[in-house]
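What follows is a set of notes on a single structure, which appears directly below.
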Amino acid sequence: KKTEQVHLIIGSKGVAQTDEERYIFTLLDNILGGSMSSRLFQEIREKRALAYSIYSFNQGFKGAGIFNIYAGTRKENFEQVIELITQEMAKIKREGITKDEMERAKEFVKGSMVLGLESSNNRMNYIAKSLFYYDRIIPVDEIFEKIDLVKAEDIVTIANKLFVDKYMNLAVIGDFEELPIKEIRI
């Protein structure tokens, strides 16, 4: 498609909304690409100015989940952006995360939840999702306790479980006759 920007999503297996590992994966998502202090945002957008936008997100459903990393970049930066994304995913699998990243992610996730629940609409959505998925309203304190229990090694374990070549997919909208990348490898 004739576009000035290239839009890409790297998709992988994610975590279901009902999976107990969702707390671990929420922190992994935040550290990798879920905030402006995330690895992908800092490395690809801030430090190298290779993407207009870059972020990650998990879509948890009742029995499955999908993890996505979106980037909007220039055509000439496409391959480098893909390479840097996969390097950061591999780096977490190989080297783990820092104590500072873990603390920052926990505080960000909890703070975002508290701020989000100040909206009546968000609060009603939270209650509805809670009843739909768990048949009860999960108290925010219970979620915070589970987030606080997550250890750095839990994040490495789930990254190694889900950031696997066989789960990687790539979707692209951009001005390409043929994609220069045939597969995503972590």
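Simple scheme: letters A, B, ... for chains in structure tokens order, numbers from 1 for residues in each chain, numbers from 1 for ligands in the order shown.
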
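Those residues that approach Lys93 in chain A to within 7 Å, counting only C-alpha atoms, are Val156, Ala159 and Asn160 of chain A; same-chain residues fewer than 6 positions away are not listed.
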
Using only C-alpha atoms, which residues of range 41-154 of chain A come within 8 Å of range 20-23 of chain A, and what is the closest atom pair for each, with the distance in Å to one decimal? Give it as a Markdown table, sorted by chain and residue number.
```
| residue | atom | partner | partner_atom | distance |
| --- | --- | --- | --- | --- |
| A:Lys146 | CA | A:Tyr23 | CA | 6.7 |
| A:Ile147 | CA | A:Tyr23 | CA | 5.7 |
| A:Val150 | CA | A:Tyr23 | CA | 7.4 |
```

Leaving out Lys99 in chain A and any residue of its chain fewer than 4 positions from it, which residues lie within 10 Å of it when counting only C-alpha atoms, given as a compact mmCIF listing (two decimals) with N, CA and C atoms, in the first residue's frame?
```
# COMPACT_ATOMS: atom_id res chain seq x y z
N GLU A 103 10.86 -2.42 39.77
CA GLU A 103 10.19 -1.50 40.69
C GLU A 103 9.38 -0.45 39.93
N ARG A 104 9.98 0.10 38.88
CA ARG A 104 9.31 1.12 38.08
C ARG A 104 8.05 0.54 37.41
N ALA A 105 8.15 -0.68 36.90
CA ALA A 105 7.00 -1.31 36.24
C ALA A 105 5.88 -1.58 37.24
N LYS A 151 8.60 -11.80 40.70
CA LYS A 151 10.06 -11.68 40.80
C LYS A 151 10.66 -11.55 39.40
N ALA A 152 11.86 -11.04 39.35
CA ALA A 152 12.55 -10.87 38.06
C ALA A 152 12.67 -12.19 37.31
```

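Separating CA of Leu149 in chain A from CA of Glu118 in chain A is a distance of 24.9 Å.
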
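Across the structure, CA of Gly116 in chain A and CA of Leu27 in chain A are spaced 17.0 Å apart.
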
List as JSON lines every residue of range 70-108 of chain A that is in contact with range 42-57 of chain A, defined as an atom at most 7 Å from one of its atoms (using only C-alpha atoms), together with the nearest atom pair and the distance in Å rounded to one decimal, sorted by chain and then rising number.
```
{"residue": "A:Tyr70", "atom": "CA", "partner": "A:Tyr55", "partner_atom": "CA", "distance": 5.5}
{"residue": "A:Ala71", "atom": "CA", "partner": "A:Ile54", "partner_atom": "CA", "distance": 4.3}
{"residue": "A:Gly72", "atom": "CA", "partner": "A:Ser53", "partner_atom": "CA", "distance": 5.2}
{"residue": "A:Thr73", "atom": "CA", "partner": "A:Ala51", "partner_atom": "CA", "distance": 4.4}
{"residue": "A:Asn77", "atom": "CA", "partner": "A:Leu50", "partner_atom": "CA", "distance": 6.2}
{"residue": "A:Val81", "atom": "CA", "partner": "A:Leu50", "partner_atom": "CA", "distance": 6.8}
```

* **Atom pair CA of Glu101 in chain A / CA of Asp29 in chain A: separation (Å)** =>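 So the two atoms, CA of Glu101 in chain A and CA of Asp29 in chain A, lie 11.6 Å apart.
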
* To do: Would you return as a PyMOL selection string the members of range 129-181 of chain A that DSSP assigns to helix (DSSP H, G or I) on this structure's backbone?
  => chain A and resi 129-134+140-149+152-162+165-167

With C-alpha atoms kept, could you save the residues just selected as a JSON list (two decimals), in the first residue's frame?
```
[["chain", "number", "residue", "atom", "x", "y", "z"],
["A", 129, "LYS", "CA", -14.80, -7.63, 33.20],
["A", 130, "SER", "CA", -14.18, -8.89, 36.70],
["A", 131, "LEU", "CA", -17.64, -10.45, 36.91],
["A", 132, "PHE", "CA", -17.42, -11.85, 33.36],
["A", 133, "TYR", "CA", -14.01, -13.48, 33.78],
["A", 134, "TYR", "CA", -13.99, -14.41, 37.49],
["A", 140, "VAL", "CA", -7.70, -3.82, 43.69],
["A", 141, "ASP", "CA", -5.63, -4.69, 46.79],
["A", 142, "GLU", "CA", -5.66, -8.36, 45.72],
["A", 143, "ILE", "CA", -4.30, -7.41, 42.30],
["A", 144, "PHE", "CA", -1.61, -5.24, 43.89],
["A", 145, "GLU", "CA", -0.55, -8.12, 46.15],
["A", 146, "LYS", "CA", -0.15, -10.41, 43.14],
["A", 147, "ILE", "CA", 1.84, -7.77, 41.27],
["A", 148, "ASP", "CA", 4.11, -7.28, 44.28],
["A", 149, "LEU", "CA", 4.81, -11.04, 44.41],
["A", 152, "ALA", "CA", 12.55, -10.87, 38.06],
["A", 153, "GLU", "CA", 13.07, -14.57, 37.35],
["A", 154, "ASP", "CA", 9.32, -14.95, 36.75],
["A", 155, "ILE", "CA", 9.60, -12.43, 33.93],
["A", 156, "VAL", "CA", 12.52, -14.30, 32.36],
["A", 157, "THR", "CA", 10.58, -17.58, 32.61],
["A", 158, "ILE", "CA", 7.50, -16.21, 30.87],
["A", 159, "ALA", "CA", 9.60, -14.43, 28.22],
["A", 160, "ASN", "CA", 11.30, -17.75, 27.43],
["A", 161, "LYS", "CA", 7.93, -19.46, 27.32],
["A", 162, "LEU", "CA", 6.23, -16.99, 24.96],
["A", 165, "ASP", "CA", 10.21, -18.32, 17.05],
["A", 166, "LYS", "CA", 7.22, -20.59, 16.34],
["A", 167, "TYR", "CA", 4.85, -18.01, 17.87]]
```

* Asked: Taking the backbone alone, and naming residues the way the document does, which bits of chain A are strand (DSSP E) by DSSP, as a PyMOL selection string?
  -> chain A and resi 6-13+51-60+65-73+169-173

Selection file, N, CA, C and O atoms, as a short mmCIF file (atom, residue, chain, number, x, y, z; two decimals), in the first residue's frame:
```cif
data_model
loop_
_atom_site.label_atom_id
_atom_site.label_comp_id
_atom_site.auth_asym_id
_atom_site.auth_seq_id
_atom_site.Cartn_x
_atom_site.Cartn_y
_atom_site.Cartn_z
N VAL A 6 5.58 3.12 7.39
CA VAL A 6 5.37 1.68 7.46
C VAL A 6 4.80 1.38 8.83
O VAL A 6 5.33 1.83 9.85
N HIS A 7 3.70 0.65 8.86
CA HIS A 7 3.07 0.23 10.10
C HIS A 7 3.32 -1.26 10.25
O HIS A 7 3.04 -2.02 9.32
N LEU A 8 3.85 -1.67 11.38
CA LEU A 8 4.13 -3.09 11.58
C LEU A 8 3.66 -3.53 12.94
O LEU A 8 3.63 -2.76 13.89
N ILE A 9 3.27 -4.78 13.00
CA ILE A 9 2.97 -5.42 14.27
C ILE A 9 3.67 -6.77 14.28
O ILE A 9 3.52 -7.57 13.35
N ILE A 10 4.44 -6.98 15.32
CA ILE A 10 4.99 -8.29 15.59
C ILE A 10 4.07 -8.91 16.63
O ILE A 10 3.85 -8.34 17.69
N GLY A 11 3.51 -10.04 16.28
CA GLY A 11 2.57 -10.71 17.18
C GLY A 11 3.13 -12.01 17.69
O GLY A 11 3.92 -12.67 17.03
N SER A 12 2.69 -12.35 18.88
CA SER A 12 3.13 -13.59 19.51
C SER A 12 1.99 -14.12 20.38
O SER A 12 1.02 -13.41 20.66
N LYS A 13 2.17 -15.31 20.84
CA LYS A 13 1.25 -15.86 21.82
C LYS A 13 1.33 -14.98 23.07
O LYS A 13 2.42 -14.56 23.47
N ALA A 51 11.46 5.42 15.04
CA ALA A 51 10.02 5.17 14.95
C ALA A 51 9.25 6.38 15.44
O ALA A 51 9.68 7.06 16.36
N TYR A 52 8.14 6.62 14.78
CA TYR A 52 7.24 7.69 15.22
C TYR A 52 6.51 7.25 16.49
O TYR A 52 6.25 8.04 17.37
N SER A 53 6.17 5.98 16.51
CA SER A 53 5.43 5.41 17.63
C SER A 53 5.87 3.98 17.79
O SER A 53 6.11 3.27 16.80
N ILE A 54 5.99 3.53 19.04
CA ILE A 54 6.30 2.12 19.31
C ILE A 54 5.77 1.77 20.68
O ILE A 54 5.96 2.52 21.64
N TYR A 55 5.07 0.65 20.74
CA TYR A 55 4.53 0.20 22.02
C TYR A 55 4.13 -1.27 21.92
O TYR A 55 3.99 -1.82 20.82
N SER A 56 3.93 -1.88 23.08
CA SER A 56 3.48 -3.27 23.13
C SER A 56 2.19 -3.34 23.93
O SER A 56 1.88 -2.45 24.73
N PHE A 57 1.45 -4.42 23.71
CA PHE A 57 0.21 -4.64 24.46
C PHE A 57 -0.21 -6.09 24.38
O PHE A 57 0.01 -6.76 23.37
N ASN A 58 -0.80 -6.57 25.47
CA ASN A 58 -1.35 -7.92 25.51
C ASN A 58 -2.87 -7.80 25.41
O ASN A 58 -3.47 -6.93 26.04
N GLN A 59 -3.47 -8.65 24.60
CA GLN A 59 -4.92 -8.74 24.53
C GLN A 59 -5.30 -10.08 25.13
O GLN A 59 -5.09 -11.12 24.50
N GLY A 60 -5.80 -10.05 26.35
CA GLY A 60 -6.17 -11.27 27.04
C GLY A 60 -7.64 -11.58 26.85
O GLY A 60 -8.50 -10.72 27.10
N GLY A 65 -4.47 -15.53 24.73
CA GLY A 65 -4.00 -14.15 24.69
C GLY A 65 -3.12 -13.92 23.48
O GLY A 65 -2.54 -14.86 22.92
N ILE A 66 -3.04 -12.67 23.07
CA ILE A 66 -2.20 -12.27 21.95
C ILE A 66 -1.33 -11.11 22.43
O ILE A 66 -1.84 -10.15 23.00
N PHE A 67 -0.04 -11.22 22.19
CA PHE A 67 0.88 -10.15 22.54
C PHE A 67 1.33 -9.49 21.25
O PHE A 67 1.69 -10.16 20.29
N ASN A 68 1.32 -8.15 21.23
CA ASN A 68 1.67 -7.41 20.02
C ASN A 68 2.67 -6.30 20.33
O ASN A 68 2.60 -5.68 21.39
N ILE A 69 3.52 -6.05 19.37
CA ILE A 69 4.40 -4.88 19.40
C ILE A 69 4.12 -4.12 18.12
O ILE A 69 4.26 -4.66 17.02
N TYR A 70 3.69 -2.87 18.26
CA TYR A 70 3.40 -2.01 17.12
C TYR A 70 4.53 -1.00 16.95
O TYR A 70 5.05 -0.47 17.94
N ALA A 71 4.87 -0.71 15.70
CA ALA A 71 5.80 0.39 15.40
C ALA A 71 5.36 1.06 14.12
O ALA A 71 4.94 0.40 13.17
N GLY A 72 5.47 2.37 14.10
CA GLY A 72 5.28 3.16 12.90
C GLY A 72 6.62 3.79 12.57
O GLY A 72 7.20 4.49 13.40
N THR A 73 7.15 3.49 11.40
CA THR A 73 8.49 3.92 11.05
C THR A 73 8.58 4.29 9.57
O THR A 73 7.62 4.12 8.82
N ASN A 169 4.84 -13.68 14.53
CA ASN A 169 4.16 -13.31 13.29
C ASN A 169 4.46 -11.85 13.00
O ASN A 169 4.74 -11.08 13.91
N LEU A 170 4.35 -11.49 11.75
CA LEU A 170 4.59 -10.12 11.34
C LEU A 170 3.50 -9.69 10.38
O LEU A 170 3.20 -10.37 9.41
N ALA A 171 2.89 -8.54 10.68
CA ALA A 171 1.91 -7.92 9.78
C ALA A 171 2.44 -6.53 9.45
O ALA A 171 2.91 -5.82 10.34
N VAL A 172 2.38 -6.17 8.17
CA VAL A 172 2.96 -4.90 7.72
C VAL A 172 2.03 -4.22 6.73
O VAL A 172 1.48 -4.86 5.83
N ILE A 173 1.88 -2.91 6.91
CA ILE A 173 1.25 -2.06 5.90
C ILE A 173 2.31 -1.05 5.50
O ILE A 173 2.83 -0.32 6.35
#
```

* Go through A:Met102, A:Arg123, A:Leu115, A:Ile92 one by one, measure the shortest atom-to-atom distance of each to Ser37 in chain A using only C-alpha atoms, and give the residue with the smallest value. =>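 The shortest atom-to-atom distance to Ser37 in chain A comes from A:Met102.
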
* Closest to Val15 in chain A among A:Leu40, A:Gln87, A:Ala64, A:Arg74, using only C-alpha atoms? ->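 Among A:Leu40, A:Gln87, A:Ala64, A:Arg74, it is A:Ala64 that comes nearest to Val15 in chain A.
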
* **Minimum-distance residue to Leu84 in chain A, chosen among A:Leu32, A:Leu179, A:Ala16, A:Met113 (using only C-alpha atoms)** =>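 Closest to Leu84 in chain A of all the choices is A:Leu32.
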